[in-house]
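Asker: Here you go, protein_17.cif (mmCIF, C-alpha atoms):
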data_coords
loop_
_atom_site.label_atom_id
_atom_site.label_comp_id
_atom_site.auth_asym_id
_atom_site.auth_seq_id
_atom_site.Cartn_x
_atom_site.Cartn_y
_atom_site.Cartn_z
CA MET A 749 4.59 36.78 63.75
CA ARG A 750 7.37 34.60 62.36
CA PHE A 751 5.16 31.56 62.94
CA ARG A 752 2.37 33.06 60.84
CA VAL A 753 4.77 33.81 57.96
CA ARG A 754 6.12 30.25 58.00
CA SER A 755 2.59 28.83 58.26
CA GLY A 756 1.53 31.02 55.36
CA ARG A 757 4.47 29.85 53.28
CA LEU A 758 3.74 26.27 54.24
CA LEU A 759 0.08 26.60 53.23
CA ALA A 760 1.09 28.33 50.00
CA GLY A 761 3.55 25.50 49.27
CA ILE A 762 0.90 22.83 49.91
CA ALA A 763 -1.59 24.69 47.74
CA GLY A 764 1.03 25.00 44.98
CA CYS A 765 1.81 21.27 45.12
CA GLY A 766 -1.89 20.46 45.01
CA PHE A 767 -2.30 22.66 41.95
CA MET A 768 0.62 20.92 40.18
CA LEU A 769 -0.83 17.47 40.96
CA ALA A 770 -4.21 18.54 39.62
CA ALA A 771 -2.62 19.97 36.47
CA ALA A 772 -0.58 16.80 35.94
CA GLY A 773 -3.73 14.72 36.36
CA CYS A 774 -5.52 16.79 33.73
CA GLN A 775 -2.70 16.30 31.25
CA SER A 776 -2.29 12.57 31.80
CA GLY A 777 -5.38 11.69 29.78
CA ASP A 778 -6.63 9.45 32.59
CA SER A 779 -10.39 9.64 33.02
CA GLY A 780 -10.02 8.86 36.74
CA SER A 781 -8.99 11.30 39.43
CA VAL A 782 -5.47 12.58 40.08
CA LEU A 783 -4.76 9.85 42.61
CA GLY A 784 -6.23 7.08 40.42
CA LEU A 785 -9.54 7.06 42.26
CA GLY A 786 -12.92 7.32 40.63
CA ALA A 787 -14.15 5.95 37.31
CA LYS A 788 -12.13 3.21 35.67
CA ASN A 789 -11.61 2.90 31.96
CA ASP A 790 -14.09 0.16 30.99
CA LYS A 791 -12.78 -0.09 27.41
CA PRO A 792 -12.11 -3.79 26.73
CA GLU A 793 -8.60 -4.78 25.80
CA GLU A 794 -8.09 -5.54 22.15
CA PRO A 795 -7.09 -9.14 21.43
CA LYS A 796 -3.36 -9.55 21.07
CA VAL A 797 -1.82 -11.31 18.10
CA LEU A 798 0.76 -13.80 19.29
CA GLN A 799 4.10 -14.14 17.53
CA SER A 800 3.41 -17.84 17.05
CA GLU A 801 0.30 -16.92 15.02
CA LEU A 802 2.29 -14.52 12.85
CA LEU A 803 4.88 -17.20 12.09
CA LYS A 804 2.34 -19.88 11.11
CA TYR A 805 2.04 -20.84 7.47
CA CYS A 806 -0.45 -18.83 5.41
CA PRO A 807 -0.45 -19.75 1.71
CA LYS A 808 0.50 -16.92 -0.65
CA VAL A 809 -1.76 -15.71 -3.45
CA SER A 810 -0.49 -15.46 -7.01
CA LEU A 811 -1.88 -14.21 -10.30
CA ARG A 812 -1.80 -17.02 -12.81
CA GLU A 813 -0.15 -15.95 -16.07
CA GLY A 814 -2.65 -14.59 -18.57
CA THR A 815 -5.43 -13.98 -16.00
CA ALA A 816 -4.55 -10.48 -14.77
CA PHE A 817 -6.24 -8.68 -17.70
CA LEU A 818 -9.66 -8.94 -19.32
CA ASN A 819 -10.76 -7.15 -22.51
CA ARG A 820 -14.42 -6.91 -23.55
CA TYR A 821 -15.39 -5.87 -27.07
CA ALA A 822 -18.68 -4.95 -28.70
CA LYS A 823 -20.32 -7.85 -30.56
CA GLY A 824 -18.29 -8.84 -33.60
CA GLY A 825 -15.43 -6.48 -32.70
CA ASP A 826 -12.95 -8.84 -31.00
CA GLY A 827 -9.46 -7.35 -31.23
CA ASP A 828 -10.67 -4.05 -32.74
CA PRO A 829 -9.45 -1.20 -30.44
CA ALA A 830 -12.31 1.04 -31.63
CA LYS A 831 -14.86 -1.54 -30.39
CA LEU A 832 -13.27 -2.07 -26.96
CA ILE A 833 -15.92 -1.69 -24.25
CA TYR A 834 -13.50 -1.95 -21.32
CA GLN A 835 -10.23 -3.39 -20.10
CA ALA A 836 -10.12 -4.73 -16.54
CA SER A 837 -6.94 -5.52 -14.66
CA ILE A 838 -6.05 -7.04 -11.29
CA SER A 839 -3.10 -5.20 -9.78
CA ASP A 840 -2.88 -6.59 -6.25
CA VAL A 841 -3.81 -9.72 -4.29
CA THR A 842 -3.59 -10.49 -0.59
CA ARG A 843 -4.85 -12.94 2.02
CA SER A 844 -5.38 -13.55 5.72
CA CYS A 845 -5.50 -16.85 7.59
CA SER A 846 -7.08 -18.13 10.79
CA ARG A 847 -7.09 -21.56 12.42
CA SER A 848 -9.59 -23.41 14.54
CA GLY A 849 -9.96 -27.10 15.37
CA GLY A 850 -7.48 -28.27 12.72
CA THR A 851 -9.08 -26.20 9.95
CA LEU A 852 -7.36 -23.42 8.01
CA THR A 853 -9.74 -20.68 6.91
CA MET A 854 -8.62 -18.01 4.45
CA THR A 855 -9.92 -14.73 3.10
CA VAL A 856 -8.48 -13.79 -0.28
CA ALA A 857 -8.85 -10.32 -1.79
CA ALA A 858 -8.10 -9.06 -5.31
CA ALA A 859 -7.98 -5.38 -6.23
CA GLY A 860 -7.87 -3.73 -9.62
CA LYS A 861 -9.54 -1.29 -11.97
CA VAL A 862 -11.78 -1.10 -15.01
CA VAL A 863 -10.82 1.33 -17.77
CA PRO A 864 -13.63 2.14 -20.23
CA GLY A 865 -12.82 1.89 -23.94
CA PRO A 866 -14.16 3.81 -26.96
CA ALA A 867 -17.30 1.63 -27.14
CA ALA A 868 -18.14 2.02 -23.43
CA GLY A 869 -21.33 3.55 -22.15
CA PRO A 870 -22.67 4.25 -18.66
CA GLY A 871 -23.92 1.20 -16.81
CA GLU A 872 -22.57 -1.91 -15.12
CA VAL A 873 -19.98 -4.44 -16.22
CA THR A 874 -19.56 -7.93 -14.78
CA LEU A 875 -16.10 -9.30 -14.01
CA PRO A 876 -15.66 -13.11 -13.77
CA ILE A 877 -13.05 -13.60 -11.03
CA ARG A 878 -11.95 -17.05 -9.92
CA ILE A 879 -10.14 -17.97 -6.67
CA VAL A 880 -8.53 -21.43 -6.65
CA ALA A 881 -6.63 -23.29 -3.92
CA THR A 882 -4.44 -26.16 -5.10
CA GLN A 883 -2.20 -28.72 -3.43
CA GLY A 884 -0.09 -30.45 -6.02
CA THR A 885 -2.52 -31.61 -8.70
CA ASN A 886 -5.51 -31.53 -6.33
CA VAL A 887 -7.95 -28.62 -6.40
CA LEU A 888 -9.00 -27.97 -2.79
CA TYR A 889 -11.26 -25.00 -3.53
CA SER A 890 -12.50 -23.20 -6.63
CA ASN A 891 -15.00 -20.37 -6.80
CA LEU A 892 -15.99 -18.21 -9.77
CA SER A 893 -17.73 -15.00 -8.71
CA GLN A 894 -19.42 -12.47 -10.96
CA HIS A 895 -18.36 -9.11 -9.56
CA THR A 896 -20.35 -6.09 -10.75
CA VAL A 897 -18.69 -2.70 -11.29
CA ALA A 898 -20.68 0.45 -12.10
CA LEU A 899 -19.23 2.73 -14.76
CA GLY A 900 -20.72 6.10 -13.90
CA ASP A 901 -18.73 8.20 -16.35
CA ALA A 902 -17.84 6.24 -19.47
CA SER A 903 -14.43 7.94 -19.58
CA ALA A 904 -13.22 7.44 -15.99
CA ALA A 905 -11.45 4.37 -14.60
CA VAL A 906 -13.17 2.64 -11.68
CA GLN A 907 -11.40 0.70 -8.93
CA PHE A 908 -12.77 -2.52 -7.44
CA VAL A 909 -12.01 -4.97 -4.62
CA VAL A 910 -13.27 -8.56 -4.50
CA ASN A 911 -13.19 -10.60 -1.25
CA ASP A 912 -13.67 -14.33 -0.89
CA PRO A 913 -13.86 -15.22 2.84
CA ASN A 914 -15.01 -18.84 2.32
CA ILE A 915 -11.78 -20.74 1.64
CA SER A 916 -11.57 -23.57 4.15
CA MET A 917 -9.42 -26.71 4.27
CA PRO A 918 -7.78 -29.06 6.74
CA GLU A 919 -4.69 -27.40 8.19
CA PRO A 920 -1.84 -28.49 5.88
CA GLU A 921 1.08 -30.47 7.26
CA GLN A 922 3.41 -28.99 4.64
CA ALA A 923 3.71 -25.52 3.07
CA ASP A 924 2.52 -26.75 -0.32
CA ILE A 925 -0.77 -24.91 -0.90
CA ILE A 926 -0.93 -22.45 -3.81
CA ILE A 927 -3.75 -19.90 -4.13
CA TYR A 928 -4.49 -18.36 -7.54
CA ALA A 929 -6.69 -15.39 -8.34
CA GLY A 930 -7.57 -14.06 -11.77
CA PHE A 931 -10.16 -13.47 -14.46
CA ASP A 932 -11.81 -16.60 -15.82
CA GLU A 933 -14.24 -16.51 -18.72
CA GLY A 934 -14.71 -20.29 -18.65
CA PRO A 935 -17.64 -22.20 -17.13
CA ALA A 936 -18.13 -22.11 -13.37
CA LYS A 937 -16.54 -24.94 -11.38
CA LYS A 938 -17.81 -26.43 -8.15
CA LYS A 939 -16.55 -25.06 -4.83
CA THR A 940 -15.80 -28.38 -3.16
CA ASP A 941 -13.32 -31.23 -3.49
CA ASP A 942 -15.52 -32.66 -6.28
CA THR A 943 -13.40 -30.64 -8.72
CA GLN A 944 -10.39 -32.90 -8.15
#
I'd like the structure from this file rewritten - as C-alpha coordinates, please.
Answerer:
Amino acid sequence: MRFRVRSGRLLAGIAGCGFMLAAAGCQSGDSGSVLGLGAKNDKPEEPKVLQSELLKYCPKVSLREGTAFLNRYAKGGDGDPAKLIYQASISDVTRSCSRSGGTLTMTVAAAGKVVPGPAAGPGEVTLPIRIVATQGTNVLYSNLSQHTVALGDASAAVQFVVNDPNISMPEPEQADIIIYAGFDEGPAKKKTDDTQ
(Lines of atoms letter the chains of each structure in order from A and count residues from 1; the text may use other names and numbers.)
(Lines give C-alpha, C1' and ligand atoms only; values in the text may rest on other atoms or scores of the structure.)
Protein backbone atom coordinates (compact mmCIF):
# COMPACT_ATOMS: atom_id res chain seq x y z
CA MET A 1 0.00 0.00 0.00
CA ARG A 2 2.85 2.34 0.88
CA PHE A 3 4.42 1.58 -2.49
CA ARG A 4 1.27 2.65 -4.32
CA VAL A 5 1.12 5.95 -2.40
CA ARG A 6 4.76 6.72 -3.21
CA SER A 7 4.24 5.69 -6.85
CA GLY A 8 1.18 7.91 -7.00
CA ARG A 9 3.09 10.83 -5.55
CA LEU A 10 5.95 10.16 -7.94
CA LEU A 11 3.59 10.10 -10.94
CA ALA A 12 1.86 13.25 -9.69
CA GLY A 13 5.25 14.96 -9.31
CA ILE A 14 6.32 13.96 -12.84
CA ALA A 15 2.99 15.13 -14.23
CA GLY A 16 3.36 18.44 -12.35
CA CYS A 17 6.88 18.98 -13.70
CA GLY A 18 5.68 18.19 -17.22
CA PHE A 19 2.89 20.73 -16.85
CA MET A 20 5.34 23.42 -15.68
CA LEU A 21 7.68 22.72 -18.61
CA ALA A 22 4.78 22.95 -21.03
CA ALA A 23 3.60 26.22 -19.46
CA ALA A 24 7.12 27.66 -19.57
CA GLY A 25 7.39 26.67 -23.24
CA CYS A 26 4.12 28.45 -24.02
CA GLN A 27 5.31 31.63 -22.35
CA SER A 28 8.76 31.69 -23.95
CA GLY A 29 7.45 32.90 -27.30
CA ASP A 30 9.39 30.15 -29.10
CA SER A 31 7.46 28.71 -32.02
CA GLY A 32 9.22 25.35 -31.54
CA SER A 33 8.38 22.75 -28.93
CA VAL A 34 9.22 22.93 -25.23
CA LEU A 35 12.48 21.04 -25.72
CA GLY A 36 13.50 23.08 -28.79
CA LEU A 37 12.33 20.44 -31.23
CA GLY A 38 10.03 21.04 -34.14
CA ALA A 39 9.73 24.06 -36.44
CA LYS A 40 12.60 26.51 -36.51
CA ASN A 41 12.20 30.24 -36.86
CA ASP A 42 12.99 30.84 -40.54
CA LYS A 43 12.97 34.64 -40.17
CA PRO A 44 16.20 35.93 -41.73
CA GLU A 45 18.54 37.88 -39.53
CA GLU A 46 18.52 41.60 -40.10
CA PRO A 47 21.83 43.01 -41.35
CA LYS A 48 23.94 44.41 -38.55
CA VAL A 49 25.43 47.88 -38.71
CA LEU A 50 29.08 47.74 -37.74
CA GLN A 51 30.58 50.36 -35.45
CA SER A 52 33.20 51.10 -38.11
CA GLU A 53 30.38 52.09 -40.50
CA LEU A 54 28.84 54.40 -37.91
CA LEU A 55 32.17 56.15 -37.35
CA LYS A 56 32.89 56.74 -41.05
CA TYR A 57 32.63 60.25 -42.41
CA CYS A 58 29.21 61.30 -43.70
CA PRO A 59 29.05 64.96 -44.80
CA LYS A 60 26.59 67.10 -42.87
CA VAL A 61 23.76 69.02 -44.52
CA SER A 62 23.30 72.74 -43.92
CA LEU A 63 20.75 75.34 -44.91
CA ARG A 64 22.50 78.12 -46.77
CA GLU A 65 21.63 81.53 -45.37
CA GLY A 66 18.63 83.08 -47.09
CA THR A 67 17.38 79.81 -48.64
CA ALA A 68 15.21 78.44 -45.82
CA PHE A 69 12.15 80.55 -46.71
CA LEU A 70 10.26 81.22 -49.93
CA ASN A 71 7.43 83.74 -50.38
CA ARG A 72 5.15 83.72 -53.44
CA TYR A 73 2.93 86.69 -54.24
CA ALA A 74 0.13 87.25 -56.72
CA LYS A 75 1.25 88.94 -59.94
CA GLY A 76 2.34 92.52 -59.30
CA GLY A 77 2.02 92.13 -55.52
CA ASP A 78 5.64 91.47 -54.47
CA GLY A 79 6.08 92.44 -50.83
CA ASP A 80 2.36 93.15 -50.28
CA PRO A 81 1.17 90.92 -47.36
CA ALA A 82 -2.41 91.01 -48.70
CA LYS A 83 -1.23 89.47 -52.00
CA LEU A 84 0.86 86.68 -50.42
CA ILE A 85 -0.10 83.33 -51.96
CA TYR A 86 2.04 81.22 -49.63
CA GLN A 87 5.17 81.11 -47.52
CA ALA A 88 7.22 77.91 -47.58
CA SER A 89 9.93 77.06 -45.08
CA ILE A 90 12.47 74.28 -44.63
CA SER A 91 12.78 73.40 -40.96
CA ASP A 92 14.93 70.26 -40.96
CA VAL A 93 17.55 68.53 -43.10
CA THR A 94 19.22 65.15 -42.74
CA ARG A 95 21.28 62.63 -44.69
CA SER A 96 22.44 59.02 -44.85
CA CYS A 97 25.59 57.61 -46.44
CA SER A 98 26.67 54.30 -47.93
CA ARG A 99 29.92 53.16 -49.52
CA SER A 100 30.74 50.69 -52.25
CA GLY A 101 33.83 50.27 -54.43
CA GLY A 102 35.38 53.61 -53.44
CA THR A 103 32.17 55.57 -54.08
CA LEU A 104 30.23 57.53 -51.47
CA THR A 105 26.49 57.61 -52.12
CA MET A 106 24.22 59.92 -50.15
CA THR A 107 20.52 60.45 -49.67
CA VAL A 108 19.61 63.95 -48.51
CA ALA A 109 16.17 64.86 -47.18
CA ALA A 110 14.62 68.26 -46.45
CA ALA A 111 11.38 68.72 -44.51
CA GLY A 112 9.23 71.78 -44.06
CA LYS A 113 5.79 73.27 -44.50
CA VAL A 114 3.76 75.54 -46.74
CA VAL A 115 1.53 78.14 -45.07
CA PRO A 116 -1.15 79.63 -47.35
CA GLY A 117 -1.46 83.42 -47.42
CA PRO A 118 -4.47 85.71 -47.96
CA ALA A 119 -4.27 85.31 -51.77
CA ALA A 120 -4.09 81.49 -51.65
CA GLY A 121 -6.63 79.22 -53.24
CA PRO A 122 -7.00 75.44 -53.41
CA GLY A 123 -4.64 73.72 -55.80
CA GLU A 124 -0.96 72.86 -56.09
CA VAL A 125 2.15 74.91 -55.51
CA THR A 126 5.63 74.09 -56.82
CA LEU A 127 8.67 74.45 -54.58
CA PRO A 128 12.12 74.82 -56.24
CA ILE A 129 14.51 72.96 -53.91
CA ARG A 130 18.20 72.63 -54.70
CA ILE A 131 20.67 70.13 -53.18
CA VAL A 132 24.36 70.97 -53.72
CA ALA A 133 27.53 69.11 -52.72
CA THR A 134 30.70 71.18 -52.66
CA GLN A 135 34.36 70.51 -51.94
CA GLY A 136 36.21 73.77 -51.54
CA THR A 137 35.29 75.82 -54.61
CA ASN A 138 34.33 72.74 -56.65
CA VAL A 139 30.68 71.79 -57.10
CA LEU A 140 30.52 67.98 -57.03
CA TYR A 141 26.74 67.71 -57.41
CA SER A 142 23.86 70.11 -57.95
CA ASN A 143 20.22 69.24 -58.52
CA LEU A 144 17.19 71.54 -58.63
CA SER A 145 13.92 69.66 -58.16
CA GLN A 146 10.42 71.05 -58.55
CA HIS A 147 8.50 69.57 -55.62
CA THR A 148 4.70 69.80 -55.82
CA VAL A 149 2.58 70.34 -52.70
CA ALA A 150 -1.23 70.18 -52.77
CA LEU A 151 -3.07 72.83 -50.76
CA GLY A 152 -6.39 71.18 -50.03
CA ASP A 153 -7.76 73.80 -47.65
CA ALA A 154 -6.46 77.26 -48.48
CA SER A 155 -6.20 78.08 -44.76
CA ALA A 156 -4.30 75.03 -43.46
CA ALA A 157 -0.51 74.56 -43.43
CA VAL A 158 0.79 71.52 -45.32
CA GLN A 159 3.97 69.62 -44.46
CA PHE A 160 6.33 68.23 -47.10
CA VAL A 161 9.45 66.05 -47.35
CA VAL A 162 11.83 66.04 -50.31
CA ASN A 163 14.38 63.22 -50.82
CA ASP A 164 17.33 63.21 -53.18
CA PRO A 165 18.90 59.71 -53.23
CA ASN A 166 21.21 60.34 -56.21
CA ILE A 167 24.22 62.10 -54.69
CA SER A 168 27.30 60.11 -55.64
CA MET A 169 31.01 60.97 -55.56
CA PRO A 170 34.40 59.34 -55.08
CA GLU A 171 34.91 58.58 -51.40
CA PRO A 172 36.66 61.68 -50.01
CA GLU A 173 40.10 61.40 -48.46
CA GLN A 174 39.38 64.35 -46.15
CA ALA A 175 36.26 65.49 -44.28
CA ASP A 176 35.84 68.56 -46.47
CA ILE A 177 32.53 68.00 -48.28
CA ILE A 178 29.69 70.43 -47.55
CA ILE A 179 26.09 69.66 -48.54
CA TYR A 180 23.59 72.52 -48.87
CA ALA A 181 19.83 72.32 -49.20
CA GLY A 182 17.43 75.20 -49.76
CA PHE A 183 14.98 77.00 -52.01
CA ASP A 184 16.43 78.25 -55.29
CA GLU A 185 14.42 80.35 -57.72
CA GLY A 186 17.35 80.64 -60.14
CA PRO A 187 17.86 78.63 -63.34
CA ALA A 188 18.48 74.90 -63.09
CA LYS A 189 22.11 73.78 -62.99
CA LYS A 190 23.52 70.54 -64.33
CA LYS A 191 23.83 67.53 -62.01
CA THR A 192 27.38 66.56 -62.92
CA ASP A 193 30.90 67.89 -62.47
CA ASP A 194 30.30 70.14 -65.51
CA THR A 195 29.07 72.79 -63.07
CA GLN A 196 32.59 73.34 -61.72
Asker: Given the choices A:Glu872, A:Asp826, A:Asp901, A:Asp912, which gets closest to Ala859 (chain A) if the distance is worked out from all atoms listed in the file?
Answerer: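 Answer, going by the shortest atom-to-atom distance: A:Asp912.
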Asker: Determine the residue set returned by the PyMOL selection byres ((chain A and resi 868) around 7) for the present structure, and present it as a ChimeraX atom specification.
Answerer: /A:833-834,864-867,869-870,902
Asker: For Ser839 (chain A), please output as a list in words all residues within 10 Å (counting only C-alpha atoms; exclusion window: fewer than 2 positions along the same chain).
Answerer: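 Returned residues: Leu811, Ala816, Phe817, Ala836, Ser837, Val841, Ala858, Ala859, Gly860 and Lys861 of chain A.
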Asker: Can you give me, as a PyMOL selection string, the residues this file yields under the PyMOL selection byres ((chain A and resi 897) around 6)?
Answerer: chain A and resi 872-873+896+898
Asker: Using all atoms listed in the file, which residue out of A:Asp840, A:Glu921, A:Arg847, A:Val856 lies closest to Phe908 (chain A)?
Answerer: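 Residue with the minimum atom-to-atom distance to Phe908 (chain A): A:Asp840.
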Asker: So, counting all atoms listed in the file, which residue among A:Ala881, A:Ala929, A:Leu888, A:Met854 is closest to Ile838 (chain A)?
Answerer: A:Ala929
Asker: Taking only N, CA and C atoms, show region 832-861 of chain A of the given structure as a PDB file, in the first residue's frame.
Answerer:
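Final file, out.pdb:
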ATOM      1  N   LEU A 832       0.025  87.870 -50.637  1.00  0.00           N
ATOM      2  CA  LEU A 832       0.858  86.683 -50.415  1.00  0.00           C
ATOM      3  C   LEU A 832       0.050  85.427 -50.727  1.00  0.00           C
ATOM      4  N   ILE A 833       0.566  84.602 -51.638  1.00  0.00           N
ATOM      5  CA  ILE A 833      -0.100  83.335 -51.961  1.00  0.00           C
ATOM      6  C   ILE A 833       0.285  82.282 -50.921  1.00  0.00           C
ATOM      7  N   TYR A 834       1.590  82.157 -50.667  1.00  0.00           N
ATOM      8  CA  TYR A 834       2.041  81.221 -49.631  1.00  0.00           C
ATOM      9  C   TYR A 834       3.444  81.586 -49.173  1.00  0.00           C
ATOM     10  N   GLN A 835       3.788  81.079 -47.994  1.00  0.00           N
ATOM     11  CA  GLN A 835       5.167  81.111 -47.519  1.00  0.00           C
ATOM     12  C   GLN A 835       5.576  79.677 -47.242  1.00  0.00           C
ATOM     13  N   ALA A 836       6.686  79.264 -47.811  1.00  0.00           N
ATOM     14  CA  ALA A 836       7.220  77.911 -47.579  1.00  0.00           C
ATOM     15  C   ALA A 836       8.484  78.032 -46.749  1.00  0.00           C
ATOM     16  N   SER A 837       8.714  77.055 -45.895  1.00  0.00           N
ATOM     17  CA  SER A 837       9.931  77.063 -45.078  1.00  0.00           C
ATOM     18  C   SER A 837      10.474  75.645 -44.958  1.00  0.00           C
ATOM     19  N   ILE A 838      11.794  75.547 -44.901  1.00  0.00           N
ATOM     20  CA  ILE A 838      12.469  74.278 -44.630  1.00  0.00           C
ATOM     21  C   ILE A 838      12.926  74.334 -43.182  1.00  0.00           C
ATOM     22  N   SER A 839      12.479  73.377 -42.385  1.00  0.00           N
ATOM     23  CA  SER A 839      12.783  73.399 -40.957  1.00  0.00           C
ATOM     24  C   SER A 839      13.805  72.351 -40.538  1.00  0.00           C
ATOM     25  N   ASP A 840      14.020  71.330 -41.360  1.00  0.00           N
ATOM     26  CA  ASP A 840      14.931  70.262 -40.957  1.00  0.00           C
ATOM     27  C   ASP A 840      15.568  69.625 -42.184  1.00  0.00           C
ATOM     28  N   VAL A 841      16.835  69.246 -42.043  1.00  0.00           N
ATOM     29  CA  VAL A 841      17.550  68.530 -43.104  1.00  0.00           C
ATOM     30  C   VAL A 841      18.306  67.372 -42.468  1.00  0.00           C
ATOM     31  N   THR A 842      18.477  66.305 -43.231  1.00  0.00           N
ATOM     32  CA  THR A 842      19.223  65.148 -42.738  1.00  0.00           C
ATOM     33  C   THR A 842      19.830  64.418 -43.921  1.00  0.00           C
ATOM     34  N   ARG A 843      20.641  63.393 -43.617  1.00  0.00           N
ATOM     35  CA  ARG A 843      21.282  62.628 -44.690  1.00  0.00           C
ATOM     36  C   ARG A 843      21.652  61.239 -44.190  1.00  0.00           C
ATOM     37  N   SER A 844      21.889  60.344 -45.143  1.00  0.00           N
ATOM     38  CA  SER A 844      22.444  59.021 -44.854  1.00  0.00           C
ATOM     39  C   SER A 844      23.488  58.721 -45.916  1.00  0.00           C
ATOM     40  N   CYS A 845      24.487  57.916 -45.534  1.00  0.00           N
ATOM     41  CA  CYS A 845      25.593  57.615 -46.443  1.00  0.00           C
ATOM     42  C   CYS A 845      25.801  56.114 -46.563  1.00  0.00           C
ATOM     43  N   SER A 846      26.250  55.686 -47.739  1.00  0.00           N
ATOM     44  CA  SER A 846      26.669  54.297 -47.930  1.00  0.00           C
ATOM     45  C   SER A 846      27.892  54.309 -48.841  1.00  0.00           C
ATOM     46  N   ARG A 847      28.686  53.251 -48.753  1.00  0.00           N
ATOM     47  CA  ARG A 847      29.919  53.162 -49.525  1.00  0.00           C
ATOM     48  C   ARG A 847      29.988  51.839 -50.267  1.00  0.00           C
ATOM     49  N   SER A 848      30.538  51.909 -51.476  1.00  0.00           N
ATOM     50  CA  SER A 848      30.742  50.694 -52.250  1.00  0.00           C
ATOM     51  C   SER A 848      31.773  50.980 -53.332  1.00  0.00           C
ATOM     52  N   GLY A 849      32.826  50.162 -53.369  1.00  0.00           N
ATOM     53  CA  GLY A 849      33.828  50.268 -54.427  1.00  0.00           C
ATOM     54  C   GLY A 849      34.475  51.633 -54.530  1.00  0.00           C
ATOM     55  N   GLY A 850      34.726  52.305 -53.411  1.00  0.00           N
ATOM     56  CA  GLY A 850      35.381  53.608 -53.439  1.00  0.00           C
ATOM     57  C   GLY A 850      34.458  54.771 -53.755  1.00  0.00           C
ATOM     58  N   THR A 851      33.138  54.521 -53.796  1.00  0.00           N
ATOM     59  CA  THR A 851      32.166  55.570 -54.082  1.00  0.00           C
ATOM     60  C   THR A 851      31.315  55.838 -52.853  1.00  0.00           C
ATOM     61  N   LEU A 852      31.115  57.110 -52.556  1.00  0.00           N
ATOM     62  CA  LEU A 852      30.234  57.534 -51.472  1.00  0.00           C
ATOM     63  C   LEU A 852      28.904  57.936 -52.087  1.00  0.00           C
ATOM     64  N   THR A 853      27.836  57.285 -51.642  1.00  0.00           N
ATOM     65  CA  THR A 853      26.495  57.608 -52.125  1.00  0.00           C
ATOM     66  C   THR A 853      25.691  58.162 -50.962  1.00  0.00           C
ATOM     67  N   MET A 854      24.994  59.257 -51.203  1.00  0.00           N
ATOM     68  CA  MET A 854      24.224  59.917 -50.152  1.00  0.00           C
ATOM     69  C   MET A 854      22.769  60.085 -50.549  1.00  0.00           C
ATOM     70  N   THR A 855      21.911  60.038 -49.541  1.00  0.00           N
ATOM     71  CA  THR A 855      20.518  60.454 -49.670  1.00  0.00           C
ATOM     72  C   THR A 855      20.343  61.648 -48.746  1.00  0.00           C
ATOM     73  N   VAL A 856      19.845  62.732 -49.295  1.00  0.00           N
ATOM     74  CA  VAL A 856      19.607  63.950 -48.514  1.00  0.00           C
ATOM     75  C   VAL A 856      18.106  64.204 -48.496  1.00  0.00           C
ATOM     76  N   ALA A 857      17.597  64.571 -47.322  1.00  0.00           N
ATOM     77  CA  ALA A 857      16.168  64.863 -47.184  1.00  0.00           C
ATOM     78  C   ALA A 857      15.998  66.236 -46.552  1.00  0.00           C
ATOM     79  N   ALA A 858      14.989  66.960 -47.014  1.00  0.00           N
ATOM     80  CA  ALA A 858      14.619  68.261 -46.455  1.00  0.00           C
ATOM     81  C   ALA A 858      13.134  68.221 -46.127  1.00  0.00           C
ATOM     82  N   ALA A 859      12.777  68.709 -44.934  1.00  0.00           N
ATOM     83  CA  ALA A 859      11.384  68.719 -44.507  1.00  0.00           C
ATOM     84  C   ALA A 859      10.969  70.138 -44.148  1.00  0.00           C
ATOM     85  N   GLY A 860       9.727  70.451 -44.388  1.00  0.00           N
ATOM     86  CA  GLY A 860       9.232  71.780 -44.062  1.00  0.00           C
ATOM     87  C   GLY A 860       7.734  71.861 -44.204  1.00  0.00           C
ATOM     88  N   LYS A 861       7.239  73.097 -44.361  1.00  0.00           N
ATOM     89  CA  LYS A 861       5.787  73.267 -44.502  1.00  0.00           C
ATOM     90  C   LYS A 861       5.486  74.465 -45.386  1.00  0.00           C
TER      91      LYS A 861
END
